$ cat structure-v3.csv   # CSV, C-alpha atoms
chain,number,residue,atom,x,y,z
A,4,GLN,CA,2.2,4.1,-31.9
A,5,SER,CA,3.5,4.0,-28.3
A,6,VAL,CA,0.9,4.6,-25.6
A,7,LEU,CA,1.0,5.1,-21.9
A,8,THR,CA,-2.1,3.8,-20.2
A,9,GLN,CA,-3.4,5.0,-16.8
A,10,THR,CA,-6.5,4.1,-14.9
A,11,PRO,CA,-8.8,7.2,-15.1
A,12,SER,CA,-9.5,7.5,-11.4
A,13,ALA,CA,-8.2,6.6,-7.9
A,14,SER,CA,-9.3,7.5,-4.4
A,15,GLY,CA,-8.1,7.5,-0.9
A,16,THR,CA,-8.6,8.9,2.6
A,17,PRO,CA,-6.3,11.2,4.6
A,18,GLY,CA,-3.3,9.3,5.9
A,19,GLN,CA,-3.7,6.5,3.5
A,20,ARG,CA,-1.2,5.3,0.9
A,21,VAL,CA,-2.3,5.1,-2.7
A,22,SER,CA,-0.6,3.9,-5.9
A,23,ILE,CA,-1.2,5.1,-9.4
A,24,SER,CA,0.0,3.0,-12.3
A,25,CYS,CA,1.3,3.7,-15.8
A,26,SER,CA,1.8,0.9,-18.3
A,27,GLY,CA,3.3,1.0,-21.8
A,28,ASN,CA,2.6,-1.0,-24.9
A,29,SER,CA,6.0,-0.7,-26.4
A,30,SER,CA,8.6,-3.4,-26.2
A,31,SER,CA,11.2,-0.7,-25.4
A,32,PHE,CA,9.3,0.4,-22.3
A,33,ARG,CA,11.9,-1.3,-20.1
A,34,ASN,CA,14.5,1.1,-21.4
A,35,LEU,CA,12.4,4.3,-21.0
A,36,TYR,CA,12.7,6.9,-18.3
A,37,ILE,CA,9.3,7.6,-16.7
A,38,TYR,CA,8.3,11.0,-15.3
A,39,TRP,CA,5.4,11.9,-13.0
A,40,TYR,CA,3.5,15.1,-12.8
A,41,ALA,CA,0.6,16.4,-10.8
A,42,GLN,CA,-1.8,19.0,-12.2
A,43,VAL,CA,-4.6,20.9,-10.6
A,44,PRO,CA,-7.2,22.4,-13.0
A,45,GLY,CA,-6.2,25.9,-14.0
A,46,SER,CA,-2.6,25.5,-13.0
A,47,ALA,CA,0.6,24.4,-14.6
A,48,PRO,CA,1.8,20.8,-14.0
A,49,LYS,CA,4.3,20.1,-11.2
A,50,LEU,CA,7.1,17.7,-11.7
A,51,LEU,CA,7.1,15.0,-8.9
A,52,ILE,CA,9.4,12.3,-10.2
A,53,TYR,CA,12.1,12.2,-12.9
A,54,ARG,CA,14.2,9.3,-14.3
A,55,ASN,CA,11.8,6.7,-12.9
A,56,ASN,CA,12.3,7.4,-9.1
A,57,LEU,CA,14.2,10.6,-8.5
A,58,ARG,CA,12.5,13.6,-6.7
A,59,PRO,CA,13.3,17.1,-7.7
A,60,SER,CA,14.3,19.5,-4.9
A,61,GLY,CA,11.3,20.5,-2.9
A,62,VAL,CA,9.1,17.4,-3.6
A,63,PRO,CA,8.4,15.7,-0.3
A,64,ASP,CA,9.4,12.1,0.3
A,65,ARG,CA,5.8,11.1,0.6
A,66,PHE,CA,6.0,10.8,-3.1
A,67,SER,CA,7.9,7.8,-4.5
A,68,ALA,CA,8.0,5.9,-7.7
A,69,SER,CA,9.2,2.6,-9.2
A,70,LYS,CA,9.3,1.0,-12.6
A,71,SER,CA,9.4,-2.5,-14.0
A,72,ALA,CA,9.9,-3.8,-17.5
A,73,THR,CA,6.2,-3.2,-18.3
A,74,SER,CA,4.8,-0.6,-15.9
A,75,ALA,CA,5.6,2.2,-13.6
A,76,SER,CA,3.9,3.3,-10.5
A,77,LEU,CA,3.7,6.4,-8.3
A,78,ALA,CA,3.0,6.0,-4.6
A,79,ILE,CA,1.7,8.7,-2.3
A,80,SER,CA,1.9,7.9,1.4
A,81,GLY,CA,0.3,9.9,4.2
A,82,LEU,CA,-2.3,11.2,1.9
A,83,ARG,CA,-3.4,14.8,2.4
A,84,PRO,CA,-6.4,16.7,1.0
A,85,GLU,CA,-4.1,18.9,-1.1
A,86,ASP,CA,-2.9,15.8,-2.9
A,87,GLU,CA,-6.3,15.7,-4.7
A,88,SER,CA,-5.1,16.3,-8.3
A,89,ARG,CA,-4.7,14.7,-11.7
A,90,TYR,CA,-1.5,12.7,-12.0
A,91,PHE,CA,0.0,11.8,-15.3
A,92,CYS,CA,3.1,9.9,-16.4
A,93,ALA,CA,5.3,10.9,-19.3
A,94,THR,CA,8.3,9.7,-21.3
A,95,TRP,CA,10.4,10.7,-24.3
A,96,ASP,CA,9.3,8.8,-27.4
A,97,ASP,CA,12.3,8.3,-29.7
A,98,SER,CA,10.0,7.2,-32.5
A,99,VAL,CA,8.5,10.7,-32.8
A,100,ASP,CA,11.4,12.5,-31.1
A,101,GLY,CA,9.0,14.1,-28.6
A,102,PRO,CA,7.3,13.5,-25.3
A,103,LEU,CA,4.5,11.0,-24.8
A,104,PHE,CA,1.9,11.6,-22.1
A,105,GLY,CA,-0.3,9.2,-20.2
A,106,SER,CA,-4.0,10.2,-20.1
A,107,GLY,CA,-3.9,10.9,-16.4
A,108,THR,CA,-5.4,9.6,-13.2
A,109,LYS,CA,-7.8,11.8,-11.2
A,110,LEU,CA,-7.0,11.2,-7.5
A,111,THR,CA,-9.9,12.1,-5.2
B,8,GLN,CA,14.5,31.7,-6.8
B,9,VAL,CA,13.6,30.6,-10.3
B,10,HIS,CA,10.7,32.3,-12.0
B,11,LEU,CA,9.2,32.1,-15.4
B,12,VAL,CA,6.7,34.8,-16.2
B,13,GLN,CA,4.7,34.7,-19.4
B,14,SER,CA,2.9,37.5,-21.3
B,15,GLY,CA,-0.8,38.0,-21.0
B,16,PRO,CA,-3.8,36.5,-22.7
B,17,GLU,CA,-4.4,37.1,-26.4
B,18,LEU,CA,-7.5,37.1,-28.6
B,19,LYS,CA,-6.7,36.5,-32.3
B,20,LYS,CA,-8.5,36.0,-35.5
B,21,PRO,CA,-8.1,32.9,-37.7
B,22,GLY,CA,-5.1,33.3,-39.9
B,23,ALA,CA,-3.2,35.7,-37.6
B,24,SER,CA,0.0,35.0,-35.7
B,25,VAL,CA,0.6,35.3,-31.9
B,26,LYS,CA,3.8,35.7,-30.0
B,27,VAL,CA,4.2,34.7,-26.4
B,28,SER,CA,7.1,35.7,-24.2
B,29,CYS,CA,8.6,33.9,-21.2
B,30,LYS,CA,10.7,36.1,-19.0
B,31,THR,CA,13.0,34.0,-16.8
B,32,SER,CA,15.0,34.9,-13.7
B,33,GLY,CA,16.8,33.3,-10.8
B,34,TYR,CA,19.1,31.1,-12.8
B,35,THR,CA,21.6,31.1,-15.6
B,36,PHE,CA,19.4,31.5,-18.7
B,37,THR,CA,21.8,29.9,-21.1
B,38,SER,CA,22.2,26.7,-19.1
B,39,PHE,CA,18.7,25.2,-19.4
B,40,TYR,CA,16.6,24.3,-22.4
B,41,LEU,CA,13.1,25.9,-22.5
B,42,HIS,CA,10.2,23.9,-23.7
B,43,TRP,CA,6.8,25.1,-24.9
B,44,VAL,CA,3.6,23.0,-24.3
B,45,ARG,CA,0.0,23.8,-24.7
B,46,GLN,CA,-3.2,22.5,-23.2
B,47,ALA,CA,-6.6,22.9,-24.8
B,48,PRO,CA,-9.7,22.8,-22.5
B,49,GLY,CA,-10.1,19.3,-21.1
B,50,GLN,CA,-7.3,17.9,-23.1
B,51,ASP,CA,-3.8,16.4,-22.4
B,52,LEU,CA,-0.7,18.4,-22.8
B,53,GLU,CA,0.7,18.9,-26.3
B,54,TRP,CA,4.4,19.6,-26.8
B,55,LEU,CA,5.4,22.2,-29.3
B,56,GLY,CA,9.2,22.1,-29.1
B,57,TRP,CA,12.2,23.4,-27.3
B,58,ILE,CA,14.8,26.1,-27.6
B,59,ASN,CA,18.4,26.0,-26.4
B,60,PRO,CA,19.0,29.5,-25.1
B,61,ASN,CA,22.7,29.1,-25.3
B,62,ASN,CA,22.9,29.0,-29.1
B,63,GLY,CA,19.3,29.5,-30.2
B,64,GLY,CA,19.0,25.9,-31.5
B,65,THR,CA,15.4,24.6,-31.7
B,66,LYS,CA,13.5,21.4,-32.2
B,67,PHE,CA,9.8,21.3,-33.0
B,68,ALA,CA,7.1,18.6,-32.8
B,69,GLN,CA,6.3,17.3,-36.2
B,70,ASN,CA,2.8,18.8,-36.1
B,71,PHE,CA,4.2,22.3,-35.6
B,72,GLN,CA,7.2,22.3,-37.9
B,73,GLY,CA,6.9,25.3,-40.2
B,74,ARG,CA,4.1,26.9,-38.2
B,75,VAL,CA,5.9,27.7,-34.9
B,76,THR,CA,9.1,29.7,-34.3
B,77,MET,CA,11.1,30.0,-31.1
B,78,THR,CA,13.6,32.6,-30.4
B,79,ARG,CA,15.3,34.1,-27.4
B,80,ASP,CA,17.0,37.3,-26.2
B,81,THR,CA,19.8,36.4,-23.9
B,82,SER,CA,20.2,40.1,-22.7
B,83,LEU,CA,16.6,40.0,-21.5
B,84,THR,CA,16.7,36.3,-20.4
B,85,THR,CA,13.5,35.9,-22.3
B,86,ALA,CA,12.3,33.3,-24.7
B,87,TYR,CA,9.6,33.8,-27.3
B,88,MET,CA,7.3,31.4,-29.1
B,89,GLU,CA,5.3,32.5,-32.1
B,90,VAL,CA,2.5,30.5,-33.8
B,91,HIS,CA,1.5,31.4,-37.3
B,92,ARG,CA,-1.7,30.8,-39.3
B,93,LEU,CA,-3.8,30.3,-36.3
B,94,THR,CA,-7.0,28.3,-36.3
B,95,ALA,CA,-9.7,27.7,-33.7
B,96,ASP,CA,-7.9,24.5,-32.8
B,97,ASP,CA,-5.0,26.5,-31.5
B,98,THR,CA,-7.1,27.9,-28.7
B,99,ALA,CA,-5.4,26.7,-25.6
B,100,VAL,CA,-3.2,27.7,-22.6
B,101,TYR,CA,0.4,27.9,-23.6
B,102,TYR,CA,3.2,27.2,-21.1
B,103,CYS,CA,6.9,27.6,-21.1
B,104,SER,CA,8.9,25.3,-18.9
B,105,ARG,CA,12.5,24.7,-17.9
B,106,GLU,CA,14.1,21.4,-18.6
B,107,LEU,CA,16.3,19.6,-16.1
B,108,PRO,CA,19.5,19.3,-18.0
B,109,GLY,CA,19.7,16.1,-19.9
B,110,TYR,CA,16.1,15.1,-19.3
B,111,HIS,CA,13.9,16.3,-22.1
B,112,THR,CA,10.7,15.3,-20.3
B,113,ALA,CA,11.6,16.7,-16.9
B,114,TRP,CA,10.3,20.2,-16.6
B,115,ASP,CA,10.9,21.5,-13.1
B,116,PHE,CA,9.8,25.1,-13.4
B,117,TRP,CA,6.8,26.5,-15.4
B,118,GLY,CA,5.4,29.8,-16.4
B,119,GLN,CA,1.9,30.6,-15.3
B,120,GLY,CA,0.5,29.9,-18.7
B,121,THR,CA,-0.9,32.2,-21.4
B,122,GLN,CA,-4.4,31.8,-22.7
B,123,ILE,CA,-4.6,32.1,-26.5
B,124,THR,CA,-8.1,32.3,-28.0
B,125,VAL,CA,-8.6,32.1,-31.7
B,126,SER,CA,-12.0,33.3,-32.8
B,127,SER,CA,-13.5,35.3,-35.6
$ encode --input "structure-v3.csv" --output "structure tokens"
Amino acid sequence: QSVLTQTPSASGTPGQRVSISCSGNSSSFRNLYIYWYAQVPGSAPKLLIYRNNLRPSGVPDRFSASKSATSASLAISGLRPEDESRYFCATWDDSVDGPLFGSGTKLT
Amino acid sequence: QVHLVQSGPELKKPGASVKVSCKTSGYTFTSFYLHWVRQAPGQDLEWLGWINPNNGGTKFAQNFQGRVTMTRDTSLTTAYMEVHRLTADDTAVYYCSRELPGYHTAWDFWGQGTQITVSS
């Protein structure tokens, strides 16, 4: 069973740059597209990054992402108080023909 | 601008069915797949499946095959998701979301969510 692993929590101060990681246990991780979302409790998730490092329209360039053969990371620069949220990675898992979600990182 | 507006909260008894609507506007309804996901309190997202509004084609998560139906009305630009044989474990917020074409896990617009509570 494929799993996406994230550290449960991260923290930063205004103006700082933080990184959030997402690692996979599958040998096919290198071939996967990784997606990043932010979710505030009580609200729908918001798409931040798709296809590893692309930003949808309207997402500020403070958000960036990268991916290697074994892990992916989301970077947030110029941290703002409104960036406090839960961030989770996701991918499409061909073995179950459905999405796979990371457990999320709570950014304080 | 793009909007997805869902129907209101529902309280259902175990064994009943519930149907949630997702009214879309601001884009060509038939050009974007719509997905349904749910989130139980304190839990991760759980994907239910998608519908292709162009032809009504559907795909369901293995856990929901046979228990969930998805339909659409192109004249109303609205998608519907129905869950049958409800149990308490189906208590969750249900979301519809629009897929970026070609990327099944990229959902760029979301409905506001519909709270479904299953209780006797």
$ atom_distance --input "structure-v3.csv" --atom1 "CA of Tyr110 (chain B)" --atom2 "CA of Val44 (chain B)"
15.6 Å
$ atom_distance --input "structure-v3.csv" --atom1 "CA of Gln122 (chain B)" --atom2 "CA of Asn70 (chain B)"
20.0 Å
$ closest_residue --input "structure-v3.csv" --among "B:Gly22, B:Arg92, B:Thr81, B:Asp51" --to "Phe91 (chain A)" --atoms "only C-alpha atoms"
B:Asp51
$ interface_residues --input "structure-v3.csv" --of "chain A" --to "chain B" --cutoff "10 Å" --atoms "all atoms listed in the file" --output "ChimeraX atom specification"
/A:36-40,44-54,59-60,91,93-96,99-107
$ write_last_selection --input "structure-v3.csv" --atoms "C-alpha atoms" --output "short mmCIF file (atom, residue, chain, number, x, y, z; two decimals), in the coordinates of the input"
data_model
loop_
_atom_site.label_atom_id
_atom_site.label_comp_id
_atom_site.auth_asym_id
_atom_site.auth_seq_id
_atom_site.Cartn_x
_atom_site.Cartn_y
_atom_site.Cartn_z
CA TYR A 36 12.70 6.90 -18.30
CA ILE A 37 9.30 7.60 -16.70
CA TYR A 38 8.30 11.00 -15.30
CA TRP A 39 5.40 11.90 -13.00
CA TYR A 40 3.50 15.10 -12.80
CA PRO A 44 -7.20 22.40 -13.00
CA GLY A 45 -6.20 25.90 -14.00
CA SER A 46 -2.60 25.50 -13.00
CA ALA A 47 0.60 24.40 -14.60
CA PRO A 48 1.80 20.80 -14.00
CA LYS A 49 4.30 20.10 -11.20
CA LEU A 50 7.10 17.70 -11.70
CA LEU A 51 7.10 15.00 -8.90
CA ILE A 52 9.40 12.30 -10.20
CA TYR A 53 12.10 12.20 -12.90
CA ARG A 54 14.20 9.30 -14.30
CA PRO A 59 13.30 17.10 -7.70
CA SER A 60 14.30 19.50 -4.90
CA PHE A 91 0.00 11.80 -15.30
CA ALA A 93 5.30 10.90 -19.30
CA THR A 94 8.30 9.70 -21.30
CA TRP A 95 10.40 10.70 -24.30
CA ASP A 96 9.30 8.80 -27.40
CA VAL A 99 8.50 10.70 -32.80
CA ASP A 100 11.40 12.50 -31.10
CA GLY A 101 9.00 14.10 -28.60
CA PRO A 102 7.30 13.50 -25.30
CA LEU A 103 4.50 11.00 -24.80
CA PHE A 104 1.90 11.60 -22.10
CA GLY A 105 -0.30 9.20 -20.20
CA SER A 106 -4.00 10.20 -20.10
CA GLY A 107 -3.90 10.90 -16.40
#
$ residues_around --input "structure-v3.csv" --residues "region 11-19 of chain B" --least-positions-apart "2" --cutoff "7 Å" --atoms "all atoms listed in the file" --output "VMD selection string"
chain B and resid 9 21 23 27 to 32 117 to 126
$ atom_distance --input "structure-v3.csv" --atom1 "CA of Thr16 (chain A)" --atom2 "CA of Ile79 (chain A)"
11.4 Å
$ closest_residue --input "structure-v3.csv" --among "B:Ser38, B:Asn62, B:Ser127, B:Ser24" --to "Val75 (chain B)" --atoms "all atoms listed in the file"
B:Ser24
$ closest_residue --input "structure-v3.csv" --among "B:Glu89, B:Pro60, B:Lys20, B:Thr84" --to "Gln72 (chain B)" --atoms "all atoms listed in the file"
B:Glu89
$ residues_near_point --input "structure-v3.csv" --point "(10.5, 1.8, -20.0)" --cutoff "9 Å" --atoms "all atoms listed in the file" --output "PDB file with C-alpha atoms, keeping the file's coordinate frame"
ATOM      1  CA  SER A  26       1.800   0.900 -18.300  1.00  0.00           C
ATOM      2  CA  GLY A  27       3.300   1.000 -21.800  1.00  0.00           C
ATOM      3  CA  SER A  29       6.000  -0.700 -26.400  1.00  0.00           C
ATOM      4  CA  SER A  30       8.600  -3.400 -26.200  1.00  0.00           C
ATOM      5  CA  SER A  31      11.200  -0.700 -25.400  1.00  0.00           C
ATOM      6  CA  PHE A  32       9.300   0.400 -22.300  1.00  0.00           C
ATOM      7  CA  ARG A  33      11.900  -1.300 -20.100  1.00  0.00           C
ATOM      8  CA  ASN A  34      14.500   1.100 -21.400  1.00  0.00           C
ATOM      9  CA  LEU A  35      12.400   4.300 -21.000  1.00  0.00           C
ATOM     10  CA  TYR A  36      12.700   6.900 -18.300  1.00  0.00           C
ATOM     11  CA  ILE A  37       9.300   7.600 -16.700  1.00  0.00           C
ATOM     12  CA  ASN A  55      11.800   6.700 -12.900  1.00  0.00           C
ATOM     13  CA  LYS A  70       9.300   1.000 -12.600  1.00  0.00           C
ATOM     14  CA  SER A  71       9.400  -2.500 -14.000  1.00  0.00           C
ATOM     15  CA  ALA A  72       9.900  -3.800 -17.500  1.00  0.00           C
ATOM     16  CA  THR A  73       6.200  -3.200 -18.300  1.00  0.00           C
ATOM     17  CA  SER A  74       4.800  -0.600 -15.900  1.00  0.00           C
ATOM     18  CA  ALA A  75       5.600   2.200 -13.600  1.00  0.00           C
ATOM     19  CA  THR A  94       8.300   9.700 -21.300  1.00  0.00           C
TER      20      THR A  94
END
$ residues_around --input "structure-v3.csv" --residues "Ser24 (chain A)" --least-positions-apart "5" --cutoff "10 Å" --atoms "all atoms listed in the file" --output "list in words"
Leu7, Thr8, Gln9, Thr10, Ala13, Ala68, Ser69, Lys70, Ser74, Ala75, Ser76, Leu77, Ala78, Tyr90, Phe91, Cys92, Gly107 and Thr108 of chain A
$ write_last_selection --input "structure-v3.csv" --atoms "C-alpha atoms" --output "mmCIF file, in the frame of the given file"
data_model
loop_
_atom_site.group_PDB
_atom_site.id
_atom_site.type_symbol
_atom_site.label_atom_id
_atom_site.label_comp_id
_atom_site.auth_asym_id
_atom_site.auth_seq_id
_atom_site.Cartn_x
_atom_site.Cartn_y
_atom_site.Cartn_z
ATOM 1 C CA LEU A 7 1.000 5.100 -21.900
ATOM 2 C CA THR A 8 -2.100 3.800 -20.200
ATOM 3 C CA GLN A 9 -3.400 5.000 -16.800
ATOM 4 C CA THR A 10 -6.500 4.100 -14.900
ATOM 5 C CA ALA A 13 -8.200 6.600 -7.900
ATOM 6 C CA ALA A 68 8.000 5.900 -7.700
ATOM 7 C CA SER A 69 9.200 2.600 -9.200
ATOM 8 C CA LYS A 70 9.300 1.000 -12.600
ATOM 9 C CA SER A 74 4.800 -0.600 -15.900
ATOM 10 C CA ALA A 75 5.600 2.200 -13.600
ATOM 11 C CA SER A 76 3.900 3.300 -10.500
ATOM 12 C CA LEU A 77 3.700 6.400 -8.300
ATOM 13 C CA ALA A 78 3.000 6.000 -4.600
ATOM 14 C CA TYR A 90 -1.500 12.700 -12.000
ATOM 15 C CA PHE A 91 0.000 11.800 -15.300
ATOM 16 C CA CYS A 92 3.100 9.900 -16.400
ATOM 17 C CA GLY A 107 -3.900 10.900 -16.400
ATOM 18 C CA THR A 108 -5.400 9.600 -13.200
#
$ closest_residue --input "structure-v3.csv" --among "B:Tyr40, B:Pro108, B:Gly33, B:Thr98" --to "Ala86 (chain B)" --atoms "only C-alpha atoms"
B:Tyr40
$ residues_near_point --input "structure-v3.csv" --point "(16.2, 22.6, -24.8)" --cutoff "7 Å" --atoms "all atoms listed in the file" --output "compact mmCIF listing (two decimals) with C-alpha atoms, keeping the file's coordinate frame"
# COMPACT_ATOMS: atom_id res chain seq x y z
CA PHE B 39 18.70 25.20 -19.40
CA TYR B 40 16.60 24.30 -22.40
CA LEU B 41 13.10 25.90 -22.50
CA HIS B 42 10.20 23.90 -23.70
CA TRP B 57 12.20 23.40 -27.30
CA ILE B 58 14.80 26.10 -27.60
CA ASN B 59 18.40 26.00 -26.40
CA GLU B 106 14.10 21.40 -18.60
